[in-house]
Amino acid sequence: MERVVVIGTGQGGFQLAASLRQEGFTGRITLIGEEPGLPYQRPPLSKDYLKDGNDARLLLRPPDFYEQQRIEIIGSTRVTGIDRTTMEVETGDGARIAYDHLVLATGSRNRIPPIAGLDRPEVLALRTLSDARVLRDRVEHMRRVVVIGGGFIGLEFAAVARARGIEVAIVEGADRLMGRAVAPMTSRHFLDVHRGWGSSVHLGQFAEAVTDAEGSLAVRLRNGSEVSGDTIVLAAGVIANDAIAKEAGLATDDGIVVDDLLRSSDPNISALGDCCRFVEPVSGLVARLESVQAATDHARTIAARLVGQPKPYAAVPWFWSNQGDRKLQIAGYAPDADDWHVAEADGKLTVFCFAGDRLASVETVGNAGAHMAARRIFANAGRVPRKLLETADYDLNAVMAAA
Amino acid sequence: MPRITFIAADGAETVVDAGEGDSLMQVARAHNVDGILAECGGEMMCSTCHVYVEGDWLDRTGPADEDERDMLDFAPCEITDASRLSCQVKITDDMDGLVVRLPERQV
């Protein structure tokens, strides 16, 4: 194999390139991305970056890394098509770049809900560094912000804004916060936390329109009420960037479908991270995950295969969200959870999520020890029967010894 | 500017000038020091920026607190009293001359 081409210069694309070199790949590596500049980390954009505004700290590696490792980055360039017959990608400026293996690390983009008036300049999104720069400038002058979407990003931003004394209103269409990602008890905990910080939270309320209000803006909710603010932050989830794969005839289903080696339906093309739909190994469920963990562990799995050491993907999923002083950590994947056990002590919250008789995930707030123990238990045991937890009286250290 | 020495598992030394206010992890990354991954970007979530603080320097950096120790427990290499997550060590002026060793691997 002479040349690996990666579409995407995010954390997953970067990791793929770095891991290929670590594994001893000597061929050509080319990363093509729509954003300008070098690969950077997104997680701090909704947290520390809004406070320190330090661009250099976001870079995954300094510029000389890419020279030393012979990793070619083509930025500000959109890939417009994949020709699987000639094994070439075509870019917006008409160039054709040949590949021996192609990796799709196209990530995801912000979902734009059908809300009238979103084209106003006071409506900001948060996905890219460029978005974050605009938001950071704006934060300096913000007095009242309406956050549309009560997921990780919206709530992380809300916590930062509130800590700066900005009035915050959070509008969430579902009847609880982070409903897609966490147990009802964890949602409740964070509802209390955000309300305790002084944010107003409107649950079960879809935003319908952004309109003018006296000297300011307002978000009109489905129930007819209005929430005013000088800035609107849109954080209504993301959509997988799988269109280019679909147009090339690859199997997609809200994400590029891959097997347990992260191969797409074309063996010369792999996909990783936010944009791919894969079999999550602990639960056995088909999943599309938006996380640093999935992007980096997928990348390592693909790199190992490309240098001739294929191993099925086996990483334990984990997630985090820092909201103010609250550290939410999740080990495992539990979209099918149907029962929960809650342990709360010394300001630490632990929620055990069960799917039938199987432990599906462990959510913790301010309890890093339990989180790491859960990750280890899933890594060692895979399937963890509920009985094991009950026998150990929900002591994860005892479970670890038994699992 | 505090001068910091990173010693890789194979003994190779990298000496760099650190910006004050940066974390040890940020210093390592800005200077392309191999062997620190820092996948979470410094939020103490991934445990892939483990270092061993050399000798008496632990008096300056301080030891890991309880949360940090809980995260370190999952790191793949041996954890000692000198183990720190480098993202949690803020560089101050009195750390000029600091020496840290890197573990063999981070994942």
# chains A, B, ... in the order shown; residues from 1 in each chain; ligands from 1
call {"tool": "interface_residues", "arguments": {"of": "chain B", "to": "chain A", "cutoff": "7 Å", "atoms": "only C-alpha atoms", "output": "list in words"}}
result
Gln26, Arg29, Ala30, His31, Asn32, Gly41, Asp67, Asp70, Met71 and Phe74 of chain B
call {"tool": "residues_around", "arguments": {"residues": "segment 276-287 of chain A", "least_positions_apart": "5", "cutoff": "8 Å", "atoms": "only C-alpha atoms", "output": "ChimeraX atom specification"}}
result
/A:240,242,252-260,262,271,313-317,332-334,360,378,382-383
call {"tool": "closest_atom_pairs", "arguments": {"of": "segment 14-76 of chain B", "to": "segment 83-93 of chain B", "cutoff": "9 Å", "atoms": "only C-alpha atoms", "output": "CSV"}}
result
residue,atom,partner,partner_atom,distance
B:Ala18,CA,B:Ile91,CA,7.4
B:Gly19,CA,B:Ile91,CA,7.5
B:Glu20,CA,B:Ile91,CA,5.5
B:Gly21,CA,B:Ile91,CA,5.6
B:Asp22,CA,B:Ile91,CA,5.8
B:Ser23,CA,B:Lys90,CA,4.3
B:Leu24,CA,B:Ser86,CA,5.0
B:Met25,CA,B:Cys87,CA,4.7
B:Gln26,CA,B:Cys87,CA,7.0
B:Val27,CA,B:Ile91,CA,8.7
B:Ala28,CA,B:Ser86,CA,8.8
B:Ile36,CA,B:Ser86,CA,8.6
B:Ala38,CA,B:Cys87,CA,7.6
B:Gly41,CA,B:Cys87,CA,8.2
B:Gly42,CA,B:Cys87,CA,5.0
B:Glu43,CA,B:Cys87,CA,7.5
B:Met44,CA,B:Cys87,CA,7.0
B:Ser47,CA,B:Leu85,CA,6.7
B:Thr48,CA,B:Leu85,CA,7.8
B:Cys49,CA,B:Leu85,CA,5.4
B:His50,CA,B:Leu85,CA,4.6
B:Val51,CA,B:Arg84,CA,5.5
B:Tyr52,CA,B:Ser83,CA,4.6
B:Val53,CA,B:Ser83,CA,6.4
B:Thr61,CA,B:Val89,CA,6.4
B:Gly62,CA,B:Val89,CA,8.4
B:Pro63,CA,B:Arg84,CA,7.0
B:Ala64,CA,B:Arg84,CA,5.6
B:Glu68,CA,B:Leu85,CA,7.0
B:Arg69,CA,B:Arg84,CA,8.0
B:Met71,CA,B:Leu85,CA,8.6
B:Leu72,CA,B:Leu85,CA,7.1
call {"tool": "closest_residue", "arguments": {"among": "A:Leu234, A:Met185, A:Ile153, A:Ile330", "to": "Arg111 of chain A", "atoms": "only C-alpha atoms"}}
result
A:Leu234
call {"tool": "select_by_dssp", "arguments": {"residues": "segment 40-97 of chain B", "states": "helix (DSSP H, G or I)", "output": "VMD selection string"}}
result
chain B and resid 55 to 61 66 to 72 86 to 88 93 to 95
call {"tool": "atom_distance", "arguments": {"atom1": "atom CA of Gln106 of chain B", "atom2": "atom CA of Glu39 of chain B"}}
result
10.1 Å
call {"tool": "atom_distance", "arguments": {"atom1": "atom CA of Ala163 of chain A", "atom2": "atom CA of Gly324 of chain A"}}
result
7.6 Å
call {"tool": "residues_around", "arguments": {"residues": "segment 81-90 of chain A", "least_positions_apart": "2", "cutoff": "9 Å", "atoms": "only C-alpha atoms", "output": "list in words"}}
result
Val5, Arg78, Val79, Gly92, Asp93, Gly94, Ala95, Arg96, Ile97, Ala98, Tyr99, Asp100, His101, Leu102, Ile244, Ala245, Glu247, Ala248, Gly249, Asp266, Asn268 and Ile269 of chain A
call {"tool": "closest_residue", "arguments": {"among": "A:Ala218, A:Val182, A:Ala159, A:Val139", "to": "Val365 of chain A", "atoms": "only C-alpha atoms"}}
result
A:Val182
call {"tool": "residues_around", "arguments": {"residues": "Asn223 of chain A", "least_positions_apart": "3", "cutoff": "10 Å", "atoms": "only C-alpha atoms", "output": "list in words"}}
result
Gly204, Gln205, Phe206, Ala207, Glu208, Arg220 and Glu226 of chain A
call {"tool": "atom_distance", "arguments": {"atom1": "atom CA of Gly13 of chain A", "atom2": "atom CA of Asn241 of chain A"}}
result
13.9 Å
call {"tool": "residues_around", "arguments": {"residues": "Glu35 of chain A", "least_positions_apart": "3", "cutoff": "9 Å", "atoms": "only C-alpha atoms", "output": "list of chain:residue names"}}
result
A:Gly8, A:Thr9, A:Leu38, A:Pro39, A:Gly75, A:Ser76, A:Thr77, A:Arg78, A:Thr128, A:Leu129, A:Ser130
call {"tool": "select_by_dssp", "arguments": {"residues": "chain B", "states": "strand (DSSP E)", "output": "mmCIF file with N, CA and C atoms, in the first residue's frame"}}
result
data_model
loop_
_atom_site.group_PDB
_atom_site.id
_atom_site.type_symbol
_atom_site.label_atom_id
_atom_site.label_comp_id
_atom_site.auth_asym_id
_atom_site.auth_seq_id
_atom_site.Cartn_x
_atom_site.Cartn_y
_atom_site.Cartn_z
ATOM 1 N N ARG B 3 12.616 26.215 32.437
ATOM 2 C CA ARG B 3 13.152 25.205 31.520
ATOM 3 C C ARG B 3 12.759 23.823 32.050
ATOM 4 N N ILE B 4 12.259 23.003 31.157
ATOM 5 C CA ILE B 4 11.741 21.699 31.590
ATOM 6 C C ILE B 4 12.364 20.581 30.759
ATOM 7 N N THR B 5 12.712 19.499 31.426
ATOM 8 C CA THR B 5 13.291 18.347 30.734
ATOM 9 C C THR B 5 12.327 17.171 30.782
ATOM 10 N N PHE B 6 12.021 16.661 29.609
ATOM 11 C CA PHE B 6 11.224 15.438 29.501
ATOM 12 C C PHE B 6 12.171 14.294 29.149
ATOM 13 N N ILE B 7 12.093 13.197 29.890
ATOM 14 C CA ILE B 7 12.930 12.036 29.583
ATOM 15 C C ILE B 7 12.026 10.896 29.130
ATOM 16 N N GLU B 13 16.291 12.645 25.963
ATOM 17 C CA GLU B 13 15.885 13.852 26.680
ATOM 18 C C GLU B 13 15.461 14.951 25.727
ATOM 19 N N THR B 14 14.406 15.653 26.085
ATOM 20 C CA THR B 14 13.984 16.842 25.353
ATOM 21 C C THR B 14 13.922 17.986 26.353
ATOM 22 N N VAL B 15 14.651 19.056 26.064
ATOM 23 C CA VAL B 15 14.661 20.210 26.968
ATOM 24 C C VAL B 15 13.936 21.366 26.292
ATOM 25 N N VAL B 16 12.949 21.931 26.972
ATOM 26 C CA VAL B 16 12.156 22.996 26.343
ATOM 27 C C VAL B 16 11.927 24.137 27.331
ATOM 28 N N ASP B 17 11.641 25.312 26.777
ATOM 29 C CA ASP B 17 11.254 26.454 27.599
ATOM 30 C C ASP B 17 9.734 26.519 27.661
ATOM 31 N N HIS B 50 0.135 10.784 31.359
ATOM 32 C CA HIS B 50 0.814 10.379 32.591
ATOM 33 C C HIS B 50 2.316 10.687 32.527
ATOM 34 N N VAL B 51 2.856 11.285 33.604
ATOM 35 C CA VAL B 51 4.308 11.473 33.731
ATOM 36 C C VAL B 51 4.733 11.108 35.156
ATOM 37 N N TYR B 52 6.054 10.857 35.317
ATOM 38 C CA TYR B 52 6.634 10.681 36.650
ATOM 39 C C TYR B 52 7.471 11.917 36.951
ATOM 40 N N VAL B 53 7.141 12.593 38.028
ATOM 41 C CA VAL B 53 7.912 13.773 38.416
ATOM 42 C C VAL B 53 9.186 13.296 39.107
ATOM 43 N N SER B 83 3.656 9.827 40.224
ATOM 44 C CA SER B 83 2.805 9.889 39.028
ATOM 45 C C SER B 83 1.896 11.114 39.058
ATOM 46 N N ARG B 84 1.828 11.795 37.932
ATOM 47 C CA ARG B 84 0.884 12.905 37.774
ATOM 48 C C ARG B 84 0.287 12.843 36.369
ATOM 49 N N LEU B 85 -0.918 13.384 36.240
ATOM 50 C CA LEU B 85 -1.436 13.663 34.899
ATOM 51 C C LEU B 85 -0.907 15.045 34.544
ATOM 52 N N VAL B 99 12.240 18.227 35.991
ATOM 53 C CA VAL B 99 12.509 17.037 35.185
ATOM 54 C C VAL B 99 11.370 16.044 35.380
ATOM 55 N N VAL B 100 10.804 15.566 34.270
ATOM 56 C CA VAL B 100 9.784 14.515 34.370
ATOM 57 C C VAL B 100 10.142 13.378 33.419
ATOM 58 N N ARG B 101 9.764 12.170 33.809
ATOM 59 C CA ARG B 101 9.971 10.992 32.964
ATOM 60 C C ARG B 101 8.639 10.547 32.381
#
call {"tool": "residues_around", "arguments": {"residues": "Val146 of chain A", "least_positions_apart": "3", "cutoff": "8 Å", "atoms": "only C-alpha atoms", "output": "PDB file with N, CA, C and O atoms, in the first residue's frame"}}
result
ATOM      1  N   VAL A 168     -29.166  33.129  31.579  1.00  0.00           N
ATOM      2  CA  VAL A 168     -29.240  31.992  30.659  1.00  0.00           C
ATOM      3  C   VAL A 168     -30.625  31.361  30.692  1.00  0.00           C
ATOM      4  O   VAL A 168     -31.173  31.101  31.766  1.00  0.00           O
ATOM      5  N   ALA A 169     -31.182  31.145  29.506  1.00  0.00           N
ATOM      6  CA  ALA A 169     -32.405  30.340  29.383  1.00  0.00           C
ATOM      7  C   ALA A 169     -32.089  29.159  28.468  1.00  0.00           C
ATOM      8  O   ALA A 169     -31.463  29.329  27.422  1.00  0.00           O
ATOM      9  N   ILE A 170     -32.479  27.961  28.890  1.00  0.00           N
ATOM     10  CA  ILE A 170     -32.229  26.753  28.099  1.00  0.00           C
ATOM     11  C   ILE A 170     -33.568  26.215  27.619  1.00  0.00           C
ATOM     12  O   ILE A 170     -34.484  26.017  28.429  1.00  0.00           O
ATOM     13  N   VAL A 171     -33.684  26.002  26.309  1.00  0.00           N
ATOM     14  CA  VAL A 171     -34.930  25.497  25.733  1.00  0.00           C
ATOM     15  C   VAL A 171     -34.668  24.089  25.191  1.00  0.00           C
ATOM     16  O   VAL A 171     -33.787  23.900  24.355  1.00  0.00           O
ATOM     17  N   VAL A 219     -37.168  34.038  21.533  1.00  0.00           N
ATOM     18  CA  VAL A 219     -37.441  32.726  20.964  1.00  0.00           C
ATOM     19  C   VAL A 219     -38.877  32.374  21.342  1.00  0.00           C
ATOM     20  O   VAL A 219     -39.223  32.341  22.520  1.00  0.00           O
ATOM     21  N   VAL A 227     -39.167  33.622  25.108  1.00  0.00           N
ATOM     22  CA  VAL A 227     -37.996  33.754  25.978  1.00  0.00           C
ATOM     23  C   VAL A 227     -37.063  34.740  25.292  1.00  0.00           C
ATOM     24  O   VAL A 227     -36.654  34.519  24.155  1.00  0.00           O
ATOM     25  N   SER A 228     -36.721  35.829  25.967  1.00  0.00           N
ATOM     26  CA  SER A 228     -35.941  36.863  25.294  1.00  0.00           C
ATOM     27  C   SER A 228     -34.449  36.714  25.575  1.00  0.00           C
ATOM     28  O   SER A 228     -34.031  36.130  26.581  1.00  0.00           O
ATOM     29  N   GLY A 229     -33.660  37.248  24.643  1.00  0.00           N
ATOM     30  CA  GLY A 229     -32.204  37.219  24.802  1.00  0.00           C
ATOM     31  C   GLY A 229     -31.561  38.078  23.736  1.00  0.00           C
ATOM     32  O   GLY A 229     -32.184  38.357  22.706  1.00  0.00           O
ATOM     33  N   THR A 231     -28.664  37.102  22.430  1.00  0.00           N
ATOM     34  CA  THR A 231     -27.946  36.116  21.615  1.00  0.00           C
ATOM     35  C   THR A 231     -28.664  34.781  21.727  1.00  0.00           C
ATOM     36  O   THR A 231     -29.185  34.448  22.793  1.00  0.00           O
ATOM     37  N   ILE A 232     -28.679  34.040  20.628  1.00  0.00           N
ATOM     38  CA  ILE A 232     -29.257  32.696  20.635  1.00  0.00           C
ATOM     39  C   ILE A 232     -28.137  31.723  20.279  1.00  0.00           C
ATOM     40  O   ILE A 232     -27.448  31.907  19.278  1.00  0.00           O
ATOM     41  N   VAL A 233     -27.956  30.716  21.094  1.00  0.00           N
ATOM     42  CA  VAL A 233     -26.962  29.689  20.775  1.00  0.00           C
ATOM     43  C   VAL A 233     -27.694  28.403  20.411  1.00  0.00           C
ATOM     44  O   VAL A 233     -28.484  27.879  21.184  1.00  0.00           O
TER      45      VAL A 233
END
call {"tool": "residues_around", "arguments": {"residues": "Asp137 of chain A", "least_positions_apart": "5", "cutoff": "12 Å", "atoms": "only C-alpha atoms", "output": "list in words"}}
result
Tyr49, Leu50, Lys51, Asp52, Gly53, Leu124, Ser130, Asp131, Ala132, Met142 and Thr231 of chain A
